[in-house]
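Undergrad: Quick one, query-v6.tsv (TSV, N, CA and C atoms):
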```tsv
chain	number	residue	atom	x	y	z
A	972	MET	N	23.00	-6.64	-13.58
A	972	MET	CA	23.12	-5.90	-12.36
A	972	MET	C	22.92	-6.76	-11.11
A	973	PRO	N	21.95	-7.69	-11.07
A	973	PRO	CA	21.81	-8.50	-9.88
A	973	PRO	C	23.02	-9.38	-9.66
A	974	ASN	N	23.34	-9.59	-8.41
A	974	ASN	CA	24.42	-10.49	-8.04
A	974	ASN	C	23.76	-11.79	-7.62
A	975	ASP	N	23.58	-12.71	-8.59
A	975	ASP	CA	22.79	-13.91	-8.35
A	975	ASP	C	23.34	-14.80	-7.24
A	976	SER	N	24.64	-14.73	-6.97
A	976	SER	CA	25.17	-15.58	-5.91
A	976	SER	C	24.73	-15.12	-4.53
A	977	ASP	N	24.29	-13.86	-4.42
A	977	ASP	CA	23.88	-13.32	-3.12
A	977	ASP	C	22.39	-13.04	-3.05
A	978	SER	N	21.63	-13.48	-4.02
A	978	SER	CA	20.23	-13.10	-4.03
A	978	SER	C	19.33	-14.32	-4.13
A	979	ILE	N	18.10	-14.10	-3.78
A	979	ILE	CA	17.10	-15.14	-3.87
A	979	ILE	C	16.34	-14.94	-5.17
A	980	GLY	N	16.26	-15.98	-5.96
A	980	GLY	CA	15.55	-15.89	-7.23
A	980	GLY	C	14.05	-15.82	-7.01
A	981	VAL	N	13.38	-15.14	-7.89
A	981	VAL	CA	11.94	-15.03	-7.81
A	981	VAL	C	11.38	-15.38	-9.19
A	982	GLU	N	10.78	-16.55	-9.29
A	982	GLU	CA	10.15	-16.94	-10.54
A	982	GLU	C	8.66	-16.71	-10.39
A	983	LEU	N	8.09	-16.00	-11.36
A	983	LEU	CA	6.69	-15.64	-11.27
A	983	LEU	C	5.82	-16.57	-12.11
A	984	ALA	N	4.71	-16.98	-11.53
A	984	ALA	CA	3.70	-17.73	-12.27
A	984	ALA	C	2.73	-16.72	-12.87
A	985	LYS	N	1.90	-17.17	-13.75
A	985	LYS	CA	0.90	-16.29	-14.35
A	985	LYS	C	0.04	-15.67	-13.25
A	986	GLY	N	-0.16	-14.37	-13.34
A	986	GLY	CA	-0.98	-13.67	-12.36
A	986	GLY	C	-0.23	-13.21	-11.13
A	987	GLU	N	1.07	-13.47	-11.06
A	987	GLU	CA	1.87	-13.03	-9.91
A	987	GLU	C	2.71	-11.82	-10.28
A	988	GLY	N	2.97	-11.01	-9.27
A	988	GLY	CA	3.85	-9.87	-9.42
A	988	GLY	C	4.84	-9.84	-8.27
A	989	ILE	N	5.68	-8.83	-8.27
A	989	ILE	CA	6.67	-8.65	-7.22
A	989	ILE	C	6.27	-7.45	-6.38
A	990	TYR	N	6.03	-7.69	-5.11
A	990	TYR	CA	5.64	-6.65	-4.16
A	990	TYR	C	6.91	-6.13	-3.48
A	991	LEU	N	7.15	-4.82	-3.57
A	991	LEU	CA	8.34	-4.22	-2.96
A	991	LEU	C	7.98	-3.61	-1.61
A	992	PHE	N	8.68	-4.06	-0.57
A	992	PHE	CA	8.51	-3.48	0.77
A	992	PHE	C	9.44	-2.30	0.97
A	993	CYS	N	10.73	-2.50	0.64
A	993	CYS	CA	11.71	-1.45	0.88
A	993	CYS	C	13.03	-1.81	0.23
A	994	PHE	N	13.93	-0.85	0.24
A	994	PHE	CA	15.33	-1.07	-0.13
A	994	PHE	C	16.15	-1.00	1.14
A	995	ALA	N	17.23	-1.78	1.18
A	995	ALA	CA	18.10	-1.82	2.36
A	995	ALA	C	19.53	-2.08	1.90
A	996	ARG	N	20.42	-2.18	2.87
A	996	ARG	CA	21.83	-2.48	2.62
A	996	ARG	C	22.10	-3.96	2.91
A	997	PRO	N	23.00	-4.57	2.14
A	997	PRO	CA	23.39	-5.95	2.46
A	997	PRO	C	24.25	-5.98	3.71
A	998	PRO	N	24.38	-7.10	4.38
A	998	PRO	CA	23.66	-8.34	4.10
A	998	PRO	C	22.31	-8.34	4.78
A	999	MET	N	21.35	-9.02	4.20
A	999	MET	CA	20.02	-9.14	4.79
A	999	MET	C	19.91	-10.54	5.37
A	1000	PRO	N	19.63	-10.66	6.64
A	1000	PRO	CA	19.57	-11.98	7.27
A	1000	PRO	C	18.35	-12.77	6.82
A	1001	PRO	N	18.41	-14.09	6.91
A	1001	PRO	CA	17.30	-14.93	6.49
A	1001	PRO	C	16.05	-14.80	7.35
A	1002	VAL	N	16.11	-14.02	8.44
A	1002	VAL	CA	14.95	-13.84	9.29
A	1002	VAL	C	13.77	-13.28	8.51
A	1003	LEU	N	14.04	-12.62	7.37
A	1003	LEU	CA	12.96	-12.06	6.58
A	1003	LEU	C	12.20	-13.13	5.80
A	1004	ASN	N	12.66	-14.36	5.82
A	1004	ASN	CA	11.95	-15.42	5.11
A	1004	ASN	C	10.72	-15.86	5.89
A	1005	ALA	N	9.83	-14.91	6.11
A	1005	ALA	CA	8.57	-15.15	6.80
A	1005	ALA	C	7.45	-14.81	5.83
A	1006	GLY	N	6.21	-14.90	6.28
A	1006	GLY	CA	5.09	-14.58	5.41
A	1006	GLY	C	5.12	-13.15	4.92
A	1007	GLY	N	4.71	-12.96	3.67
A	1007	GLY	CA	4.65	-11.63	3.06
A	1007	GLY	C	3.38	-10.91	3.51
A	1008	LEU	N	2.68	-10.31	2.56
A	1008	LEU	CA	1.44	-9.61	2.90
A	1008	LEU	C	0.39	-10.57	3.42
A	1009	ASP	N	0.45	-11.79	2.95
A	1009	ASP	CA	-0.39	-12.85	3.49
A	1009	ASP	C	0.48	-14.10	3.58
A	1010	ASP	N	-0.07	-15.19	4.00
A	1010	ASP	CA	0.75	-16.39	4.23
A	1010	ASP	C	0.99	-17.22	2.97
A	1011	ARG	N	0.53	-16.75	1.82
A	1011	ARG	CA	0.73	-17.52	0.59
A	1011	ARG	C	2.16	-17.40	0.06
A	1012	TYR	N	2.80	-16.28	0.29
A	1012	TYR	CA	4.13	-16.03	-0.26
A	1012	TYR	C	5.08	-15.58	0.85
A	1013	LEU	N	6.34	-15.98	0.73
A	1013	LEU	CA	7.36	-15.59	1.70
A	1013	LEU	C	8.02	-14.28	1.32
A	1014	VAL	N	8.51	-13.58	2.32
A	1014	VAL	CA	9.34	-12.40	2.08
A	1014	VAL	C	10.72	-12.91	1.68
A	1015	SER	N	11.30	-12.29	0.68
A	1015	SER	CA	12.65	-12.64	0.26
A	1015	SER	C	13.37	-11.35	-0.11
A	1016	HIS	N	14.49	-11.47	-0.76
A	1016	HIS	CA	15.21	-10.27	-1.18
A	1016	HIS	C	15.96	-10.54	-2.47
A	1017	ARG	N	16.33	-9.47	-3.10
A	1017	ARG	CA	17.12	-9.55	-4.33
A	1017	ARG	C	18.23	-8.50	-4.22
A	1018	VAL	N	19.45	-8.92	-4.49
A	1018	VAL	CA	20.60	-8.02	-4.38
A	1018	VAL	C	20.85	-7.35	-5.73
A	1019	PHE	N	20.96	-6.04	-5.70
A	1019	PHE	CA	21.32	-5.24	-6.86
A	1019	PHE	C	22.56	-4.43	-6.46
A	1020	LYS	N	23.74	-4.93	-6.83
A	1020	LYS	CA	25.01	-4.32	-6.44
A	1020	LYS	C	25.07	-4.17	-4.93
A	1021	ASP	N	24.98	-2.94	-4.44
A	1021	ASP	CA	25.08	-2.66	-3.00
A	1021	ASP	C	23.74	-2.28	-2.38
A	1022	ILE	N	22.65	-2.69	-3.04
A	1022	ILE	CA	21.30	-2.39	-2.55
A	1022	ILE	C	20.50	-3.70	-2.56
A	1023	ILE	N	19.72	-3.88	-1.52
A	1023	ILE	CA	18.83	-5.04	-1.44
A	1023	ILE	C	17.40	-4.56	-1.59
A	1024	ALA	N	16.64	-5.25	-2.42
A	1024	ALA	CA	15.21	-5.03	-2.50
A	1024	ALA	C	14.54	-6.11	-1.64
A	1025	VAL	N	13.81	-5.71	-0.62
A	1025	VAL	CA	13.06	-6.64	0.21
A	1025	VAL	C	11.70	-6.78	-0.45
A	1026	LEU	N	11.34	-8.02	-0.81
A	1026	LEU	CA	10.18	-8.22	-1.67
A	1026	LEU	C	9.46	-9.52	-1.36
A	1027	SER	N	8.36	-9.69	-2.04
A	1027	SER	CA	7.57	-10.91	-1.95
A	1027	SER	C	6.77	-11.04	-3.23
A	1028	LYS	N	6.39	-12.26	-3.55
A	1028	LYS	CA	5.43	-12.43	-4.62
A	1028	LYS	C	4.07	-11.96	-4.12
A	1029	VAL	N	3.20	-11.61	-5.06
A	1029	VAL	CA	1.85	-11.20	-4.71
A	1029	VAL	C	0.94	-11.51	-5.90
A	1030	SER	N	-0.31	-11.73	-5.64
A	1030	SER	CA	-1.28	-11.90	-6.70
A	1030	SER	C	-1.63	-10.54	-7.28
A	1031	ILE	N	-1.34	-10.33	-8.54
A	1031	ILE	CA	-1.61	-9.03	-9.18
A	1031	ILE	C	-3.10	-8.73	-9.14
A	1032	GLU	N	-3.92	-9.76	-9.27
A	1032	GLU	CA	-5.37	-9.60	-9.28
A	1032	GLU	C	-5.89	-8.92	-8.02
A	1033	GLU	N	-5.21	-9.14	-6.89
A	1033	GLU	CA	-5.66	-8.53	-5.64
A	1033	GLU	C	-5.49	-7.02	-5.64
A	1034	PHE	N	-4.57	-6.51	-6.46
A	1034	PHE	CA	-4.27	-5.08	-6.45
A	1034	PHE	C	-4.66	-4.35	-7.73
A	1035	CYS	N	-5.06	-5.07	-8.77
A	1035	CYS	CA	-5.38	-4.45	-10.06
A	1035	CYS	C	-6.76	-4.92	-10.53
A	1036	GLY	N	-7.44	-4.04	-11.24
A	1036	GLY	CA	-8.72	-4.41	-11.81
A	1036	GLY	C	-9.89	-3.90	-11.00
A	1037	PRO	N	-11.09	-4.12	-11.52
A	1037	PRO	CA	-12.30	-3.59	-10.90
A	1037	PRO	C	-12.54	-4.08	-9.47
A	1038	SER	N	-12.32	-5.38	-9.21
A	1038	SER	CA	-12.55	-5.87	-7.85
A	1038	SER	C	-11.52	-5.32	-6.88
A	1039	ALA	N	-10.33	-5.00	-7.38
A	1039	ALA	CA	-9.30	-4.44	-6.51
A	1039	ALA	C	-9.67	-3.04	-6.04
A	1040	GLU	N	-10.37	-2.28	-6.87
A	1040	GLU	CA	-10.78	-0.93	-6.47
A	1040	GLU	C	-11.64	-0.97	-5.22
A	1041	SER	N	-12.61	-1.87	-5.20
A	1041	SER	CA	-13.47	-1.96	-4.01
A	1041	SER	C	-12.69	-2.55	-2.84
A	1042	ARG	N	-11.80	-3.50	-3.11
A	1042	ARG	CA	-10.98	-4.10	-2.05
A	1042	ARG	C	-10.12	-3.04	-1.36
A	1043	MET	N	-9.56	-2.12	-2.16
A	1043	MET	CA	-8.68	-1.08	-1.60
A	1043	MET	C	-9.45	-0.08	-0.74
A	1044	LYS	N	-10.76	-0.08	-0.81
A	1044	LYS	CA	-11.58	0.80	0.03
A	1044	LYS	C	-12.08	0.08	1.28
A	1045	ASP	N	-11.78	-1.21	1.38
A	1045	ASP	CA	-12.26	-2.04	2.49
A	1045	ASP	C	-11.17	-2.16	3.55
A	1046	ILE	N	-11.35	-1.48	4.67
A	1046	ILE	CA	-10.33	-1.45	5.72
A	1046	ILE	C	-10.07	-2.85	6.29
A	1047	SER	N	-11.06	-3.73	6.24
A	1047	SER	CA	-10.82	-5.08	6.75
A	1047	SER	C	-9.88	-5.87	5.84
A	1048	TRP	N	-9.74	-5.46	4.58
A	1048	TRP	CA	-8.79	-6.09	3.66
A	1048	TRP	C	-7.46	-5.34	3.68
A	1049	VAL	N	-7.51	-4.02	3.60
A	1049	VAL	CA	-6.29	-3.20	3.53
A	1049	VAL	C	-5.55	-3.19	4.86
A	1050	GLY	N	-6.28	-3.06	5.95
A	1050	GLY	CA	-5.66	-2.91	7.28
A	1050	GLY	C	-4.61	-3.95	7.61
A	1051	PRO	N	-4.95	-5.23	7.59
A	1051	PRO	CA	-3.95	-6.25	7.93
A	1051	PRO	C	-2.75	-6.25	6.98
A	1052	ARG	N	-2.99	-5.98	5.70
A	1052	ARG	CA	-1.89	-5.97	4.74
A	1052	ARG	C	-1.00	-4.74	4.93
A	1053	ALA	N	-1.60	-3.61	5.25
A	1053	ALA	CA	-0.80	-2.41	5.52
A	1053	ALA	C	0.04	-2.61	6.79
A	1054	CYS	N	-0.54	-3.24	7.79
A	1054	CYS	CA	0.22	-3.52	9.02
A	1054	CYS	C	1.36	-4.50	8.73
A	1055	ARG	N	1.11	-5.50	7.92
A	1055	ARG	CA	2.16	-6.47	7.58
A	1055	ARG	C	3.26	-5.78	6.78
A	1056	HIS	N	2.88	-4.88	5.86
A	1056	HIS	CA	3.85	-4.09	5.09
A	1056	HIS	C	4.79	-3.36	6.06
A	1057	GLU	N	4.21	-2.72	7.05
A	1057	GLU	CA	5.00	-1.99	8.05
A	1057	GLU	C	5.87	-2.92	8.88
A	1058	GLU	N	5.35	-4.09	9.27
A	1058	GLU	CA	6.13	-5.05	10.07
A	1058	GLU	C	7.37	-5.53	9.33
A	1059	VAL	N	7.22	-5.82	8.03
A	1059	VAL	CA	8.37	-6.28	7.26
A	1059	VAL	C	9.43	-5.18	7.18
A	1060	ILE	N	9.00	-3.95	6.96
A	1060	ILE	CA	9.94	-2.83	6.91
A	1060	ILE	C	10.64	-2.66	8.26
A	1061	GLU	N	9.89	-2.78	9.34
A	1061	GLU	CA	10.49	-2.66	10.68
A	1061	GLU	C	11.51	-3.77	10.93
A	1062	GLN	N	11.22	-4.99	10.45
A	1062	GLN	CA	12.20	-6.08	10.58
A	1062	GLN	C	13.49	-5.71	9.85
A	1063	ALA	N	13.36	-5.21	8.64
A	1063	ALA	CA	14.54	-4.83	7.86
A	1063	ALA	C	15.30	-3.70	8.54
A	1064	MET	N	14.58	-2.79	9.19
A	1064	MET	CA	15.21	-1.65	9.87
A	1064	MET	C	16.09	-2.09	11.04
A	1065	ARG	N	15.82	-3.26	11.57
A	1065	ARG	CA	16.65	-3.77	12.67
A	1065	ARG	C	18.04	-4.16	12.18
A	1066	GLN	N	18.18	-4.35	10.87
A	1066	GLN	CA	19.44	-4.80	10.29
A	1066	GLN	C	20.15	-3.73	9.46
A	1067	SER	N	19.40	-2.73	8.98
A	1067	SER	CA	19.95	-1.81	7.99
A	1067	SER	C	19.09	-0.55	7.95
A	1068	PRO	N	19.68	0.55	7.46
A	1068	PRO	CA	18.80	1.68	7.10
A	1068	PRO	C	17.91	1.21	5.94
A	1069	VAL	N	16.70	1.76	5.85
A	1069	VAL	CA	15.80	1.35	4.77
A	1069	VAL	C	15.21	2.56	4.06
A	1070	LEU	N	14.84	2.35	2.82
A	1070	LEU	CA	14.04	3.30	2.05
A	1070	LEU	C	12.71	2.58	1.81
A	1071	PRO	N	11.67	2.91	2.58
A	1071	PRO	CA	10.40	2.20	2.44
A	1071	PRO	C	9.74	2.49	1.09
A	1072	ALA	N	9.08	1.49	0.57
A	1072	ALA	CA	8.24	1.66	-0.62
A	1072	ALA	C	6.82	1.94	-0.16
A	1073	ARG	N	6.07	2.61	-0.97
A	1073	ARG	CA	4.67	2.90	-0.68
A	1073	ARG	C	3.88	1.58	-0.69
A	1074	PHE	N	2.89	1.46	0.17
A	1074	PHE	CA	2.03	0.29	0.20
A	1074	PHE	C	1.45	0.07	-1.20
A	1075	GLY	N	1.54	-1.17	-1.68
A	1075	GLY	CA	0.98	-1.51	-2.98
A	1075	GLY	C	1.92	-1.32	-4.15
A	1076	THR	N	3.23	-1.17	-3.90
A	1076	THR	CA	4.19	-1.02	-4.99
A	1076	THR	C	4.48	-2.40	-5.57
A	1077	ILE	N	4.02	-2.61	-6.80
A	1077	ILE	CA	4.11	-3.92	-7.43
A	1077	ILE	C	4.77	-3.80	-8.80
A	1078	PHE	N	5.63	-4.76	-9.09
A	1078	PHE	CA	6.29	-4.84	-10.39
A	1078	PHE	C	5.83	-6.12	-11.09
A	1079	SER	N	5.72	-6.06	-12.40
A	1079	SER	CA	5.28	-7.24	-13.15
A	1079	SER	C	6.43	-8.20	-13.41
A	1080	SER	N	7.68	-7.75	-13.18
A	1080	SER	CA	8.84	-8.61	-13.42
A	1080	SER	C	10.03	-8.12	-12.62
A	1081	LEU	N	11.00	-9.00	-12.44
A	1081	LEU	CA	12.26	-8.59	-11.81
A	1081	LEU	C	12.98	-7.57	-12.68
A	1082	GLU	N	12.82	-7.71	-14.00
A	1082	GLU	CA	13.47	-6.77	-14.91
A	1082	GLU	C	12.96	-5.35	-14.68
A	1083	GLY	N	11.67	-5.20	-14.42
A	1083	GLY	CA	11.10	-3.88	-14.13
A	1083	GLY	C	11.67	-3.29	-12.86
A	1084	LEU	N	11.80	-4.11	-11.83
A	1084	LEU	CA	12.40	-3.66	-10.58
A	1084	LEU	C	13.86	-3.30	-10.80
A	1085	GLU	N	14.56	-4.13	-11.56
A	1085	GLU	CA	15.97	-3.88	-11.84
A	1085	GLU	C	16.15	-2.55	-12.57
A	1086	LYS	N	15.29	-2.25	-13.52
A	1086	LYS	CA	15.38	-0.97	-14.26
A	1086	LYS	C	15.19	0.21	-13.31
A	1087	LEU	N	14.25	0.09	-12.38
A	1087	LEU	CA	14.04	1.16	-11.40
A	1087	LEU	C	15.30	1.38	-10.57
A	1088	VAL	N	15.88	0.28	-10.08
A	1088	VAL	CA	17.09	0.39	-9.27
A	1088	VAL	C	18.24	0.99	-10.09
A	1089	GLU	N	18.39	0.56	-11.33
A	1089	GLU	CA	19.44	1.12	-12.19
A	1089	GLU	C	19.26	2.63	-12.37
A	1090	MET	N	18.02	3.05	-12.66
A	1090	MET	CA	17.75	4.47	-12.90
A	1090	MET	C	17.99	5.33	-11.66
A	1091	HIS	N	17.69	4.78	-10.50
A	1091	HIS	CA	17.73	5.57	-9.26
A	1091	HIS	C	18.77	5.07	-8.27
A	1092	HIS	N	19.74	4.30	-8.75
A	1092	HIS	CA	20.72	3.68	-7.87
A	1092	HIS	C	21.41	4.69	-6.97
A	1093	ASP	N	21.94	5.77	-7.53
A	1093	ASP	CA	22.67	6.76	-6.73
A	1093	ASP	C	21.78	7.41	-5.68
A	1094	THR	N	20.55	7.71	-6.04
A	1094	THR	CA	19.62	8.35	-5.10
A	1094	THR	C	19.27	7.39	-3.96
A	1095	ILE	N	19.00	6.13	-4.30
A	1095	ILE	CA	18.68	5.13	-3.27
A	1095	ILE	C	19.88	4.95	-2.35
A	1096	ARG	N	21.07	4.81	-2.93
A	1096	ARG	CA	22.29	4.62	-2.13
A	1096	ARG	C	22.53	5.82	-1.21
A	1097	GLN	N	22.37	7.03	-1.73
A	1097	GLN	CA	22.55	8.22	-0.89
A	1097	GLN	C	21.54	8.25	0.25
A	1098	PHE	N	20.30	7.88	-0.03
A	1098	PHE	CA	19.29	7.86	1.02
A	1098	PHE	C	19.69	6.87	2.11
A	1099	LEU	N	20.14	5.69	1.71
A	1099	LEU	CA	20.53	4.67	2.69
A	1099	LEU	C	21.78	5.08	3.48
A	1100	ASP	N	22.63	5.87	2.85
A	1100	ASP	CA	23.83	6.36	3.56
A	1100	ASP	C	23.45	7.35	4.64
```
What would the structure in this file look like if it were written as structure tokens?
TA:
Amino acid sequence: MPNDSDSIGVELAKGEGIYLFCFARPPMPPVLNAGGLDDRYLVSHRVFKDIIAVLSKVSIEEFCGPSAESRMKDISWVGPRACRHEEVIEQAMRQSPVLPARFGTIFSSLEGLEKLVEMHHDTIRQFLD
């Protein structure tokens, strides 16, 4: 389903996941190649037919497990990341209609994200239309 000639590859290291900001319409300009939720990973995108997933790598450990529960209750940790989530979506909105993802939407693999897009492709496309 991905159109590799039009997409940015995302190779995950151990402990990394894929953070989804939103879905949009192609083409997505390279302006989104800025910092993701933090400055460790860049925002990129992956093309699935006529839908773009705006995404970034993320440390799964930050969002899963016992220490993540307390972190998610700490506004000094959540606040800046939630604001950055919104900023990336707003950047994408300047180029395309978007379907925002909920803060903290993480996939363990590109295949998992691809399955979601395949299952809901028509609904996502209709929303963007």
Undergrad: Taking the backbone alone, and naming residues the way the document does, which bits of region 988-1020 of chain A are strand (DSSP E or B) by DSSP, as a PyMOL selection string?
TA: chain A and resi 988-995+1006+1013-1019
Undergrad: Need the shell around Val1069 (chain A): protein/DNA/RNA residues with any atom at most 7 Å away, counting all atoms listed in the file. Skip same-chain ones fewer than 4 positions apart. Format as a PyMOL selection string?
TA: chain A and resi 993-996+1063-1064+1098-1099
Undergrad: Around all the atoms of region 1081-1091 of chain A listed in the file, with 4 Å of room on each side, what axis-aligned box do you get, giving centre and edge lengths in Å to one decimal, as AutoDock Vina command-line options?
TA:
```
--center_x 15.2 --center_y -1.7 --center_z -11.6 --size_x 16.4 --size_y 22.6 --size_z 14.6
```
Undergrad: Quick one: residues within 10 Å of region 1082-1090 of chain A, only C-alpha atoms, excluding same-chain residues fewer than 2 positions away - as a short mmCIF file (atom, residue, chain, number, x, y, z; two decimals) with N, CA and C atoms, in the coordinates of the input?
TA:
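Result file out.cif:
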```
data_model
loop_
_atom_site.label_atom_id
_atom_site.label_comp_id
_atom_site.auth_asym_id
_atom_site.auth_seq_id
_atom_site.Cartn_x
_atom_site.Cartn_y
_atom_site.Cartn_z
N MET A 972 23.00 -6.64 -13.58
CA MET A 972 23.12 -5.90 -12.36
C MET A 972 22.92 -6.76 -11.11
N PRO A 973 21.95 -7.69 -11.07
CA PRO A 973 21.81 -8.50 -9.88
C PRO A 973 23.02 -9.38 -9.66
N ILE A 989 5.68 -8.83 -8.27
CA ILE A 989 6.67 -8.65 -7.22
C ILE A 989 6.27 -7.45 -6.38
N TYR A 990 6.03 -7.69 -5.11
CA TYR A 990 5.64 -6.65 -4.16
C TYR A 990 6.91 -6.13 -3.48
N LEU A 991 7.15 -4.82 -3.57
CA LEU A 991 8.34 -4.22 -2.96
C LEU A 991 7.98 -3.61 -1.61
N PHE A 994 13.93 -0.85 0.24
CA PHE A 994 15.33 -1.07 -0.13
C PHE A 994 16.15 -1.00 1.14
N ARG A 1017 16.33 -9.47 -3.10
CA ARG A 1017 17.12 -9.55 -4.33
C ARG A 1017 18.23 -8.50 -4.22
N VAL A 1018 19.45 -8.92 -4.49
CA VAL A 1018 20.60 -8.02 -4.38
C VAL A 1018 20.85 -7.35 -5.73
N PHE A 1019 20.96 -6.04 -5.70
CA PHE A 1019 21.32 -5.24 -6.86
C PHE A 1019 22.56 -4.43 -6.46
N LYS A 1020 23.74 -4.93 -6.83
CA LYS A 1020 25.01 -4.32 -6.44
C LYS A 1020 25.07 -4.17 -4.93
N ILE A 1022 22.65 -2.69 -3.04
CA ILE A 1022 21.30 -2.39 -2.55
C ILE A 1022 20.50 -3.70 -2.56
N ILE A 1023 19.72 -3.88 -1.52
CA ILE A 1023 18.83 -5.04 -1.44
C ILE A 1023 17.40 -4.56 -1.59
N ALA A 1024 16.64 -5.25 -2.42
CA ALA A 1024 15.21 -5.03 -2.50
C ALA A 1024 14.54 -6.11 -1.64
N ILE A 1077 4.02 -2.61 -6.80
CA ILE A 1077 4.11 -3.92 -7.43
C ILE A 1077 4.77 -3.80 -8.80
N PHE A 1078 5.63 -4.76 -9.09
CA PHE A 1078 6.29 -4.84 -10.39
C PHE A 1078 5.83 -6.12 -11.09
N SER A 1079 5.72 -6.06 -12.40
CA SER A 1079 5.28 -7.24 -13.15
C SER A 1079 6.43 -8.20 -13.41
N SER A 1080 7.68 -7.75 -13.18
CA SER A 1080 8.84 -8.61 -13.42
C SER A 1080 10.03 -8.12 -12.62
N HIS A 1092 19.74 4.30 -8.75
CA HIS A 1092 20.72 3.68 -7.87
C HIS A 1092 21.41 4.69 -6.97
N ASP A 1093 21.94 5.77 -7.53
CA ASP A 1093 22.67 6.76 -6.73
C ASP A 1093 21.78 7.41 -5.68
N THR A 1094 20.55 7.71 -6.04
CA THR A 1094 19.62 8.35 -5.10
C THR A 1094 19.27 7.39 -3.96
N ILE A 1095 19.00 6.13 -4.30
CA ILE A 1095 18.68 5.13 -3.27
C ILE A 1095 19.88 4.95 -2.35
N ARG A 1096 21.07 4.81 -2.93
CA ARG A 1096 22.29 4.62 -2.13
C ARG A 1096 22.53 5.82 -1.21
#
```
Undergrad: In Å, rounded to a single decimal, give me how far CA of His1091 (chain A) is from CA of Ser1067 (chain A).
TA: 18.9 Å
Undergrad: Just to confirm, what's the straight-line distance from atom N of Pro1071 (chain A) to atom N of Ala984 (chain A) in Å (one decimal)?
TA: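 Computing it gives 25.4 Å between the two atoms.
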Undergrad: Quote the spacing between atom C of Arg1052 (chain A) and atom N of Pro1068 (chain A) in Å to one decimal place.
TA: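 These two atoms are separated by 21.5 Å.
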